[in-house]
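What follows is the content of structure18.txt (compact mmCIF, C-alpha atoms).
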# COMPACT_ATOMS: atom_id res chain seq x y z
CA MET N 1 -119.00 34.97 -0.15
CA MET N 2 -117.47 31.88 -1.71
CA PRO N 3 -119.76 30.01 -4.09
CA MET N 4 -120.66 26.50 -3.01
CA ARG N 5 -118.93 23.83 -5.03
CA SER N 6 -121.03 21.22 -6.70
CA ILE N 7 -120.66 17.57 -5.72
CA ARG N 8 -119.10 16.92 -9.13
CA GLU N 9 -116.39 19.61 -8.55
CA VAL N 10 -115.60 18.25 -5.10
CA PHE N 11 -115.33 14.74 -6.57
CA ILE N 12 -112.95 15.91 -9.31
CA ALA N 13 -110.82 17.85 -6.80
CA LYS N 14 -110.58 14.81 -4.49
CA LYS N 15 -109.64 12.60 -7.44
CA ALA N 16 -106.87 15.05 -8.50
CA MET N 17 -105.58 15.23 -4.93
CA GLY N 18 -105.48 11.45 -4.75
CA GLY N 19 -103.49 11.41 -7.99
CA ILE N 20 -100.93 13.89 -6.60
CA LYS N 21 -100.58 11.86 -3.39
CA GLY N 22 -100.02 8.73 -5.44
CA LEU N 23 -97.40 10.54 -7.50
CA ILE N 24 -95.54 11.65 -4.36
CA GLY N 25 -95.54 8.03 -3.20
CA TYR N 26 -93.99 6.93 -6.49
CA ILE N 27 -91.35 9.70 -6.27
CA ILE N 28 -90.36 8.63 -2.74
CA ILE N 29 -90.09 4.97 -3.83
CA LEU N 30 -87.99 6.06 -6.83
CA ILE N 31 -85.63 8.08 -4.60
CA ILE N 32 -85.19 5.11 -2.23
CA LEU N 33 -84.58 2.72 -5.15
CA GLY N 34 -82.13 5.19 -6.70
CA SER N 35 -80.10 5.49 -3.50
CA VAL N 36 -80.02 1.71 -3.02
CA GLY N 37 -79.06 1.19 -6.67
CA CYS N 38 -76.14 3.65 -6.35
CA ALA N 39 -74.76 2.01 -3.23
CA ARG N 40 -71.76 0.38 -4.84
CA PRO N 41 -68.10 1.39 -5.20
CA THR N 42 -67.00 3.49 -8.16
CA GLY N 43 -66.16 1.40 -11.21
CA TYR N 44 -63.87 2.00 -14.18
CA THR N 45 -65.71 4.97 -15.63
CA LYS N 46 -64.79 8.40 -16.95
CA ALA N 47 -65.63 11.25 -14.57
CA SER N 48 -68.30 13.21 -16.35
CA SER N 49 -68.74 16.96 -15.98
CA PHE N 50 -71.73 17.24 -18.29
CA LEU N 51 -73.99 20.25 -17.54
CA THR N 52 -72.80 20.90 -13.97
CA GLY N 53 -69.21 21.94 -14.74
CA THR N 54 -67.91 19.92 -11.79
CA LYS N 55 -66.67 16.38 -12.25
CA GLY N 56 -68.37 13.33 -10.83
CA TYR N 57 -66.82 10.05 -9.72
CA GLY N 58 -64.41 8.15 -11.95
CA TYR N 59 -61.14 8.82 -13.76
CA SER N 60 -59.88 11.86 -15.64
CA ASP N 61 -56.57 12.49 -17.34
CA LYS N 62 -54.53 15.35 -18.76
CA ARG N 63 -51.43 15.51 -20.95
CA ILE N 64 -48.71 17.32 -19.01
CA ASN N 65 -46.27 17.50 -21.92
CA GLY N 66 -45.09 15.16 -24.65
CA ASP N 67 -45.36 11.66 -23.22
CA GLU N 68 -46.23 12.65 -19.66
CA PHE N 69 -49.80 12.33 -18.42
CA SER N 70 -51.58 12.84 -15.12
CA ILE N 71 -54.43 10.59 -14.07
CA VAL N 72 -56.81 11.33 -11.21
CA VAL N 73 -59.47 9.01 -9.84
CA VAL N 74 -62.10 10.18 -7.38
CA GLY N 75 -64.20 7.44 -5.83
CA ASN N 76 -67.49 7.60 -3.95
CA PRO N 77 -67.49 7.02 -0.16
CA LEU N 78 -67.92 3.27 -0.70
CA THR N 79 -64.69 3.05 -2.71
CA SER N 80 -61.44 2.09 -1.00
CA LYS N 81 -58.16 3.88 -1.63
CA ALA N 82 -56.74 0.66 -3.09
CA ARG N 83 -59.61 0.40 -5.58
CA ALA N 84 -59.15 4.04 -6.63
CA ALA N 85 -55.43 3.35 -7.17
CA GLU N 86 -56.25 0.29 -9.28
CA ILE N 87 -58.65 2.29 -11.45
CA ALA N 88 -55.88 4.87 -11.98
CA LEU N 89 -53.43 2.14 -12.96
CA LEU N 90 -55.93 0.58 -15.35
CA ARG N 91 -56.56 3.97 -16.95
CA ALA N 92 -52.79 4.42 -17.32
CA ALA N 93 -52.59 1.10 -19.15
CA HIS N 94 -55.52 1.93 -21.46
CA LEU N 95 -54.07 5.38 -22.15
CA THR N 96 -50.75 3.77 -23.12
CA LYS N 97 -52.53 1.52 -25.61
CA GLU N 98 -54.64 4.38 -26.97
CA GLU N 99 -51.41 6.31 -27.67
CA GLY N 100 -50.01 3.34 -29.61
CA ARG N 101 -47.46 2.37 -26.96
CA THR N 102 -46.92 -0.80 -24.98
CA HIS N 103 -45.07 0.28 -21.81
CA PHE N 104 -45.18 3.12 -19.30
CA VAL N 105 -43.39 4.16 -16.12
CA ILE N 106 -44.91 5.70 -13.02
CA ILE N 107 -43.18 8.98 -12.17
CA LYS N 108 -45.31 10.00 -9.19
CA GLN N 109 -48.14 8.39 -7.28
CA LYS N 110 -50.26 9.49 -4.38
CA THR N 111 -53.49 8.49 -2.69
CA GLU N 112 -55.49 10.82 -0.50
CA THR N 113 -58.76 10.90 1.39
CA THR N 114 -60.77 13.99 0.60
CA GLU N 115 -63.87 15.35 2.28
CA ARG N 116 -67.17 16.40 0.79
CA ALA N 117 -70.00 18.15 2.58
CA VAL N 118 -73.32 16.47 1.83
CA LEU N 119 -76.58 18.28 2.42
CA ILE N 120 -79.20 16.41 4.45
CA SER N 121 -82.67 17.42 3.31
CA ILE N 122 -86.19 16.17 3.82
CA PRO N 123 -89.14 16.50 1.45
CA LEU N 124 -92.07 18.40 2.94
CA TRP N 125 -95.52 18.51 1.48
CA LEU N 126 -97.62 21.26 2.95
CA GLY N 127 -100.68 20.92 0.77
CA GLY N 128 -99.16 22.79 -2.19
CA PRO N 129 -96.02 21.80 -4.12
CA MET N 130 -93.54 19.50 -2.39
CA VAL N 131 -90.60 21.47 -0.94
CA VAL N 132 -87.20 19.97 -0.13
CA VAL N 133 -85.95 21.53 3.10
CA PRO N 134 -82.27 21.31 4.13
CA VAL N 135 -81.98 20.23 7.76
CA GLY N 136 -78.26 19.77 8.15
CA GLU N 137 -74.97 18.72 6.63
CA LYS N 138 -72.68 15.74 7.01
CA THR N 139 -69.15 15.13 5.80
CA SER N 140 -68.37 12.11 3.67
CA ARG N 141 -64.90 10.83 2.84
CA GLU N 142 -63.90 10.11 -0.74
CA PRO N 143 -60.67 8.49 -1.92
CA MET N 144 -58.53 10.19 -4.56
CA ALA N 145 -55.70 8.46 -6.43
CA ILE N 146 -53.18 10.48 -8.44
CA LEU N 147 -50.72 9.11 -10.97
CA VAL N 148 -48.16 10.84 -13.17
CA ILE N 149 -46.91 8.52 -15.89
CA ARG N 150 -44.54 8.66 -18.85
CA LEU N 151 -45.20 6.60 -21.96
CA LEU N 152 -42.10 4.88 -23.26
CA PRO N 153 -41.22 4.87 -26.95
CA LEU N 154 -41.42 1.50 -28.70
CA GLN N 155 -38.09 -0.26 -28.25
CA PRO N 156 -36.71 -3.83 -28.17
CA ALA N 157 -36.00 -3.81 -24.41
CA TYR N 158 -37.60 -1.84 -21.60
CA PRO N 159 -36.18 -0.72 -18.25
CA PRO N 160 -37.05 -2.89 -15.22
CA ASP N 161 -39.42 -0.30 -13.73
CA ALA N 162 -41.50 -0.17 -16.94
CA LEU N 163 -45.00 -1.63 -16.79
CA ASN N 164 -46.48 -3.62 -19.64
CA ALA N 165 -49.88 -2.09 -20.42
CA ALA N 166 -51.36 -5.36 -21.71
CA GLU N 167 -50.36 -7.22 -18.55
CA VAL N 168 -51.76 -4.48 -16.31
CA VAL N 169 -55.10 -4.60 -18.13
CA GLU N 170 -55.22 -8.39 -17.85
CA GLN N 171 -54.46 -8.35 -14.12
CA ILE N 172 -56.67 -5.46 -13.01
CA ALA N 173 -59.65 -5.33 -15.39
CA LYS N 174 -61.11 -8.64 -14.16
CA HIS N 175 -61.67 -7.72 -10.55
CA LEU N 176 -62.77 -4.16 -11.24
CA GLU N 177 -65.79 -5.34 -13.21
CA MET L 178 -103.75 25.13 -9.67
CA ASN L 179 -103.38 28.84 -10.49
CA GLN L 180 -101.52 29.38 -7.22
CA PHE L 181 -99.16 26.56 -8.11
CA LEU L 182 -98.44 28.00 -11.56
CA ALA L 183 -97.83 31.44 -10.04
CA PHE L 184 -95.38 29.86 -7.58
CA VAL L 185 -93.52 28.04 -10.37
CA ARG L 186 -93.43 31.26 -12.41
CA LEU L 187 -91.98 33.16 -9.45
CA ILE L 188 -89.30 30.53 -8.90
CA LEU L 189 -88.33 30.65 -12.60
CA ILE L 190 -88.11 34.45 -12.58
CA ILE L 191 -85.90 34.39 -9.47
CA ALA L 192 -83.70 31.71 -11.06
CA MET L 193 -83.34 33.76 -14.27
CA LEU L 194 -82.45 36.89 -12.30
CA VAL L 195 -79.82 34.99 -10.31
CA VAL L 196 -78.27 33.56 -13.50
CA LEU L 197 -78.24 36.93 -15.24
CA SER L 198 -76.90 38.90 -12.30
CA ALA L 199 -74.09 36.63 -11.19
CA CYS L 200 -72.11 34.75 -13.79
CA ALA L 201 -69.19 32.59 -12.63
CA THR L 202 -65.88 34.46 -12.57
CA PRO L 203 -62.35 33.01 -12.36
CA ALA L 204 -60.22 33.00 -9.22
CA ARG L 205 -58.32 36.22 -8.42
CA PRO L 206 -54.50 35.96 -8.29
CA GLY L 207 -54.17 38.62 -5.59
CA ARG L 208 -56.33 36.51 -3.25
CA MET L 209 -54.27 33.37 -3.74
CA VAL L 210 -50.85 34.64 -2.67
CA PRO L 211 -49.91 33.20 0.74
CA GLU L 212 -49.03 35.65 3.47
CA SER L 213 -45.28 36.16 3.68
CA ALA L 214 -45.44 36.24 7.47
CA LEU L 215 -46.17 32.51 7.40
CA PHE L 216 -42.70 31.64 6.16
CA PRO L 217 -39.46 31.52 8.07
CA SER L 218 -36.72 33.91 7.04
CA TYR L 219 -34.07 32.25 4.94
CA SER L 220 -30.39 32.83 4.44
CA PRO L 221 -29.40 35.55 1.95
CA ASP L 222 -26.83 33.06 0.67
CA SER L 223 -29.55 30.64 -0.37
CA PRO L 224 -29.01 29.46 -3.95
CA LEU L 225 -32.72 29.98 -4.60
CA ARG L 226 -32.62 33.71 -3.84
CA ASN L 227 -33.80 35.57 -6.97
CA ALA L 228 -33.04 32.38 -8.88
CA ILE L 229 -36.33 30.83 -10.00
CA ALA L 230 -38.00 31.57 -13.31
CA ILE L 231 -41.45 30.21 -14.09
CA SER L 232 -40.94 28.33 -17.32
CA LYS L 233 -44.30 26.61 -17.74
CA VAL L 234 -47.73 26.59 -16.15
CA GLY L 235 -50.43 24.19 -17.35
CA GLY L 236 -53.43 22.10 -16.48
CA GLY L 237 -55.73 25.04 -15.77
CA GLU L 238 -59.19 25.48 -17.15
CA LYS L 239 -60.86 28.69 -18.25
CA THR L 240 -64.02 29.70 -16.42
CA ASN L 241 -67.25 29.38 -18.37
CA PRO L 242 -69.42 32.24 -17.03
CA LEU L 243 -72.52 30.02 -17.25
CA LEU L 244 -70.94 27.23 -15.20
CA VAL L 245 -68.71 27.30 -12.11
CA SER L 246 -65.56 29.24 -11.23
CA LYS L 247 -62.36 27.51 -12.35
CA MET L 248 -58.62 28.13 -12.25
CA GLY L 249 -57.01 29.20 -15.52
CA ASP L 250 -53.33 28.94 -16.42
CA GLU L 251 -52.97 32.73 -16.54
CA GLU L 252 -54.36 33.19 -13.03
CA LEU L 253 -52.15 30.41 -11.68
CA HIS L 254 -49.06 31.86 -13.41
CA GLU L 255 -49.72 35.32 -12.02
CA THR L 256 -50.31 33.93 -8.52
CA LEU L 257 -47.04 32.00 -8.64
CA ARG L 258 -45.17 35.04 -9.91
CA LEU L 259 -46.49 37.20 -7.07
CA SER L 260 -45.81 34.48 -4.47
CA LEU L 261 -42.22 33.83 -5.59
CA GLU L 262 -41.55 37.55 -5.83
CA GLN L 263 -42.86 38.13 -2.32
CA CYS L 264 -40.56 35.45 -0.92
CA GLY L 265 -37.54 36.68 -2.87
CA PHE L 266 -37.26 33.61 -5.10
CA LEU L 267 -38.30 35.13 -8.43
CA ASN L 268 -35.94 35.69 -11.32
CA THR L 269 -37.58 37.42 -14.25
CA SER L 270 -35.11 36.20 -16.85
CA ASP L 271 -36.22 32.96 -18.47
CA VAL L 272 -32.78 32.40 -20.00
CA ALA L 273 -30.40 33.46 -17.23
CA ALA L 274 -32.29 32.09 -14.24
CA PRO L 275 -30.37 29.36 -12.39
CA PHE L 276 -33.57 27.36 -11.80
CA ARG L 277 -36.66 26.72 -13.92
CA LEU L 278 -40.04 25.99 -12.38
CA GLU L 279 -42.72 23.98 -14.13
CA VAL L 280 -46.14 23.88 -12.52
CA PHE L 281 -49.07 21.72 -13.56
CA LEU L 282 -52.54 21.83 -12.05
CA ILE L 283 -53.43 18.14 -12.02
CA GLU L 284 -56.84 18.50 -10.43
CA LEU L 285 -59.16 21.01 -8.86
CA LYS L 286 -61.75 18.84 -7.11
CA GLN L 287 -64.88 20.89 -6.62
CA PRO L 288 -68.15 20.02 -4.89
CA ARG L 289 -71.51 19.83 -6.64
CA GLY L 290 -73.37 22.41 -4.59
CA GLY L 291 -74.04 22.34 -0.87
CA LEU L 292 -73.71 24.78 1.97
CA THR L 293 -70.08 24.03 2.80
CA GLU L 294 -67.86 24.04 -0.28
CA ILE L 295 -64.68 21.97 0.05
CA VAL L 296 -62.17 22.29 -2.80
CA ASP L 297 -59.04 20.16 -3.14
CA SER L 298 -56.20 21.22 -5.40
CA VAL L 299 -53.54 18.84 -6.71
CA ILE L 300 -50.49 20.56 -8.19
CA ARG L 301 -47.20 19.18 -9.44
CA TYR L 302 -44.15 21.39 -8.96
CA LYS L 303 -40.94 20.56 -10.80
CA LEU L 304 -37.80 22.60 -10.21
CA THR L 305 -34.88 22.05 -12.57
CA ARG L 306 -31.35 23.44 -12.28
CA SER L 307 -30.61 25.16 -15.59
CA SER L 308 -26.86 24.50 -15.61
CA ASP L 309 -27.10 20.71 -15.75
CA ASP L 310 -30.85 20.09 -16.26
CA GLN L 311 -30.97 18.20 -12.98
CA VAL L 312 -34.37 18.03 -11.33
CA VAL L 313 -33.83 19.26 -7.76
CA TYR L 314 -37.45 19.11 -6.65
CA ASP L 315 -40.40 17.20 -8.07
CA ASP L 316 -43.46 16.75 -5.94
CA ILE L 317 -47.24 16.60 -6.03
CA ILE L 318 -48.85 18.75 -3.35
CA THR L 319 -52.50 18.43 -2.36
CA ALA L 320 -54.30 21.08 -0.34
CA SER L 321 -57.86 21.57 0.79
CA TYR L 322 -59.97 24.57 1.72
CA LYS L 323 -63.44 24.76 3.21
CA ALA L 324 -65.68 27.78 2.59
CA THR L 325 -68.88 28.06 4.59
CA VAL L 326 -72.00 30.20 4.42
CA GLY L 327 -70.28 32.47 6.91
CA ASP L 328 -67.63 33.26 4.26
CA ALA L 329 -70.11 33.98 1.48
CA PHE L 330 -73.85 33.51 1.35
CA TYR L 331 -74.01 33.21 -2.43
CA GLY L 332 -72.97 29.71 -3.58
CA PRO L 333 -70.88 30.52 -6.70
CA HIS L 334 -68.94 33.16 -4.75
CA ARG L 335 -68.40 30.66 -1.94
CA LEU L 336 -66.98 28.20 -4.47
CA LYS L 337 -64.62 30.86 -5.81
CA LEU L 338 -63.39 31.56 -2.27
CA ALA L 339 -62.84 27.83 -1.75
CA ASN L 340 -60.88 27.60 -5.04
CA GLU L 341 -58.70 30.53 -4.05
CA GLY L 342 -58.16 29.19 -0.53
CA SER L 343 -57.15 25.77 -1.81
CA ILE L 344 -54.62 27.16 -4.31
CA ARG L 345 -53.27 29.55 -1.65
CA ALA L 346 -52.74 26.65 0.78
CA ASN L 347 -51.11 24.59 -1.96
CA ILE L 348 -48.63 27.32 -2.92
CA ALA L 349 -47.92 27.96 0.78
CA THR L 350 -46.89 24.32 1.23
CA PHE L 351 -44.68 24.55 -1.85
CA LEU L 352 -42.98 27.70 -0.57
CA GLU L 353 -42.42 26.05 2.81
CA ASN L 354 -40.80 23.12 1.01
CA LEU L 355 -38.61 25.53 -0.97
CA HIS L 356 -37.44 27.16 2.26
CA SER L 357 -36.35 23.83 3.64
CA LEU L 358 -34.81 22.61 0.38
CA ASN L 359 -31.09 22.01 0.65
CA ILE L 360 -29.47 22.38 -2.76
CA SER L 361 -26.37 23.86 -4.30
CA LYS L 362 -26.38 26.41 -7.11
CA SER L 363 -23.84 24.71 -9.29
CA PRO L 364 -23.90 21.12 -10.49
CA ILE L 365 -22.49 18.53 -8.13
CA GLN L 366 -19.14 17.38 -9.41
Kindly transcribe the structure held in the file into structure tokens.
Amino acid sequence: MMPMRSIREVFIAKKAMGGIKGLIGYIIILIILGSVGCARPTGYTKASSFLTGTKGYGYSDKRINGDEFSIVVVGNPLTSKARAAEIALLRAAHLTKEEGRTHFVIIKQKTETTERAVLISIPLWLGGPMVVVPVGEKTSREPMAILVIRLLPLQPAYPPDALNAAEVVEQIAKHLE
Amino acid sequence: MNQFLAFVRLILIIAMLVVLSACATPARPGRMVPESALFPSYSPDSPLRNAIAISKVGGGEKTNPLLVSKMGDEELHETLRLSLEQCGFLNTSDVAAPFRLEVFLIELKQPRGGLTEIVDSVIRYKLTRSSDDQVVYDDIITASYKATVGDAFYGPHRLKLANEGSIRANIATFLENLHSLNISKSPIQ
């Protein structure tokens, strides 16, 4: 037979339950605010792979050999292909400056639309801990811009297809901010 | 409260067991070679027959067992070797081969969890004629592969299957392009 709980115990339990309910309310508000706050196109930012091992949105680059580099930009579903391409071009210009050069040429360029499966889940609270239950999946489209560039050595005159890194930064940086 | 703590403890134990029992492993070259039946037969007089040596493979990333499955340079090199050999393009001599192939894995776009894992691979293939150092083919190929719960129930394994499928599709496109490439063996005078 279960012992009867005193009025004091019942009061404390009710108070704790009220606290948990309040906490859940705050969590839901925080999730909504977080999703609204993130609803903007990808900016000029390095794609981070911290902890997860898979990259997020933004740019990444690799040295192919010598003066050749590849740059990849993956944007969130709110980012246009044109914006992703501009971020890639801006990164190319910054990379050129970081390497102590002034001009670069584009060897290859490509823009693609990739797909990502996004899990749709709902939080369920069944009296105990809150459980997030997956209820379905949707596919979102993300733009990807790819550039292969070659940095040009410092020289008095540059070929006509060469891009001036300083000019590219000046033209693109303003409207990406 | 005790029930809640017991539940949390159980979840943590399961998580630890999963981590310990199944570390991430790299993609397997044998699973990334496209099927030869997919390609059209080509002329025995083709200048690319037994003519391509793999001179450089880069851009890959080694798999950290505690994180997710990746594609390393060694796995990509071995896959390319097997694929070219299967199609009759491979020349094992780095010096005497009429054509040199440079391959660079620009990107392996992987998902961050989920039931359906979609992986996109971006690879640059550059084929150079050795006799005159002329680039006869230079292209970036992108390919995608979708692995579902039906392919593998365990997430990290599903991701590995998606990686392998994406690289396989990418190499298949490259081989198709090679079959339709119209080039001469000697430099154009």
Exercise for the section: Report as a list in words the set of chain L residues whose atoms approach chain N to within 8 Å, with distances computed over all atoms listed in the file. Expected result: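 So the residues of chain L near chain N are Phe181, Gly235, Gly236, Leu244, Val245, Phe281, Ile283, Glu284, Lys286, Gln287, Pro288, Arg289, Gly291, Leu292, Thr293, Glu294, Ile295, Asp297, Asp316 and Ile317 of chain L.
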Problem - Å distance separating atom CA of L:Pro211 from atom CA of L:Thr305, one decimal place - result: 23.0 Å
Problem - Minimum-distance residue to N:Pro77, chosen among N:Ser121, N:Ser48, N:Ser140, N:Thr102 (using all atoms listed in the file) - result: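 Ranked by minimum distance to N:Pro77, first place goes to N:Ser140.
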Practice task
Quote the spacing between atom CA of L:Leu278 and atom CA of L:Phe351 in Å to one decimal place.
Solution key: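 Atom CA of L:Phe351 lies 11.6 Å from atom CA of L:Leu278.
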Practice task
Quick one: pull the distance between atom CA of L:Thr319 and atom CA of N:Thr42, Å, one decimal.
Solution key: 21.6 Å
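In this comparison, which uses all atoms listed in the file, the residue of N:Leu152, N:Ala47, N:Ala39, N:Leu124 approaching N:Arg91 most closely is N:Ala47.
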Handout entry: Closest of L:Arg186, L:Lys233, L:Arg226, L:Lys247 to L:Pro203 - atom-to-atom distances counting only C-alpha atoms
Key =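 Result for the nearest residue to L:Pro203: L:Lys247.
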Could you give me, as a JSON list (two decimals) with C-alpha atoms, in the coordinates of the input, the residues that have an atom at most 12 Å away from the point (-46.3, 34.7, -5.1) in the coordinates of the file, using all atoms listed in the file?
[["chain", "number", "residue", "atom", "x", "y", "z"],
["L", 206, "PRO", "CA", -54.50, 35.96, -8.29],
["L", 207, "GLY", "CA", -54.17, 38.62, -5.59],
["L", 208, "ARG", "CA", -56.33, 36.51, -3.25],
["L", 209, "MET", "CA", -54.27, 33.37, -3.74],
["L", 210, "VAL", "CA", -50.85, 34.64, -2.67],
["L", 211, "PRO", "CA", -49.91, 33.20, 0.74],
["L", 212, "GLU", "CA", -49.03, 35.65, 3.47],
["L", 213, "SER", "CA", -45.28, 36.16, 3.68],
["L", 229, "ILE", "CA", -36.33, 30.83, -10.00],
["L", 231, "ILE", "CA", -41.45, 30.21, -14.09],
["L", 252, "GLU", "CA", -54.36, 33.19, -13.03],
["L", 253, "LEU", "CA", -52.15, 30.41, -11.68],
["L", 254, "HIS", "CA", -49.06, 31.86, -13.41],
["L", 255, "GLU", "CA", -49.72, 35.32, -12.02],
["L", 256, "THR", "CA", -50.31, 33.93, -8.52],
["L", 257, "LEU", "CA", -47.04, 32.00, -8.64],
["L", 258, "ARG", "CA", -45.17, 35.04, -9.91],
["L", 259, "LEU", "CA", -46.49, 37.20, -7.07],
["L", 260, "SER", "CA", -45.81, 34.48, -4.47],
["L", 261, "LEU", "CA", -42.22, 33.83, -5.59],
["L", 262, "GLU", "CA", -41.55, 37.55, -5.83],
["L", 263, "GLN", "CA", -42.86, 38.13, -2.32],
["L", 264, "CYS", "CA", -40.56, 35.45, -0.92],
["L", 265, "GLY", "CA", -37.54, 36.68, -2.87],
["L", 266, "PHE", "CA", -37.26, 33.61, -5.10],
["L", 267, "LEU", "CA", -38.30, 35.13, -8.43],
["L", 344, "ILE", "CA", -54.62, 27.16, -4.31],
["L", 345, "ARG", "CA", -53.27, 29.55, -1.65],
["L", 346, "ALA", "CA", -52.74, 26.65, 0.78],
["L", 347, "ASN", "CA", -51.11, 24.59, -1.96],
["L", 348, "ILE", "CA", -48.63, 27.32, -2.92],
["L", 349, "ALA", "CA", -47.92, 27.96, 0.78],
["L", 351, "PHE", "CA", -44.68, 24.55, -1.85],
["L", 352, "LEU", "CA", -42.98, 27.70, -0.57]]
Write stretch 223-234 of chain L as a PDB file, in the frame of the given file, completed to N, CA and C atoms.
ATOM      1  N   SER L 223     -28.820  31.763   0.217  1.00  0.00           N
ATOM      2  CA  SER L 223     -29.550  30.640  -0.370  1.00  0.00           C
ATOM      3  C   SER L 223     -29.419  30.649  -1.890  1.00  0.00           C
ATOM      4  N   PRO L 224     -29.136  29.501  -2.491  1.00  0.00           N
ATOM      5  CA  PRO L 224     -29.010  29.460  -3.950  1.00  0.00           C
ATOM      6  C   PRO L 224     -30.317  29.766  -4.682  1.00  0.00           C
ATOM      7  N   LEU L 225     -31.424  29.722  -3.950  1.00  0.00           N
ATOM      8  CA  LEU L 225     -32.720  29.980  -4.600  1.00  0.00           C
ATOM      9  C   LEU L 225     -33.102  31.455  -4.596  1.00  0.00           C
ATOM     10  N   ARG L 226     -32.299  32.276  -3.928  1.00  0.00           N
ATOM     11  CA  ARG L 226     -32.620  33.710  -3.840  1.00  0.00           C
ATOM     12  C   ARG L 226     -32.573  34.363  -5.232  1.00  0.00           C
ATOM     13  N   ASN L 227     -33.659  34.949  -5.635  1.00  0.00           N
ATOM     14  CA  ASN L 227     -33.800  35.570  -6.970  1.00  0.00           C
ATOM     15  C   ASN L 227     -33.333  34.639  -8.091  1.00  0.00           C
ATOM     16  N   ALA L 228     -33.617  33.362  -7.955  1.00  0.00           N
ATOM     17  CA  ALA L 228     -33.040  32.380  -8.880  1.00  0.00           C
ATOM     18  C   ALA L 228     -34.062  31.552  -9.661  1.00  0.00           C
ATOM     19  N   ILE L 229     -35.334  31.707  -9.359  1.00  0.00           N
ATOM     20  CA  ILE L 229     -36.330  30.830 -10.000  1.00  0.00           C
ATOM     21  C   ILE L 229     -37.150  31.575 -11.044  1.00  0.00           C
ATOM     22  N   ALA L 230     -37.154  31.017 -12.246  1.00  0.00           N
ATOM     23  CA  ALA L 230     -38.000  31.570 -13.310  1.00  0.00           C
ATOM     24  C   ALA L 230     -39.132  30.576 -13.584  1.00  0.00           C
ATOM     25  N   ILE L 231     -40.316  31.101 -13.782  1.00  0.00           N
ATOM     26  CA  ILE L 231     -41.450  30.210 -14.090  1.00  0.00           C
ATOM     27  C   ILE L 231     -41.399  29.901 -15.576  1.00  0.00           C
ATOM     28  N   SER L 232     -41.095  28.659 -15.901  1.00  0.00           N
ATOM     29  CA  SER L 232     -40.940  28.330 -17.320  1.00  0.00           C
ATOM     30  C   SER L 232     -42.227  27.815 -17.945  1.00  0.00           C
ATOM     31  N   LYS L 233     -43.072  27.152 -17.144  1.00  0.00           N
ATOM     32  CA  LYS L 233     -44.300  26.610 -17.740  1.00  0.00           C
ATOM     33  C   LYS L 233     -45.379  26.424 -16.684  1.00  0.00           C
ATOM     34  N   VAL L 234     -46.575  26.815 -17.036  1.00  0.00           N
ATOM     35  CA  VAL L 234     -47.730  26.590 -16.150  1.00  0.00           C
ATOM     36  C   VAL L 234     -48.837  25.963 -17.009  1.00  0.00           C
TER      37      VAL L 234
END
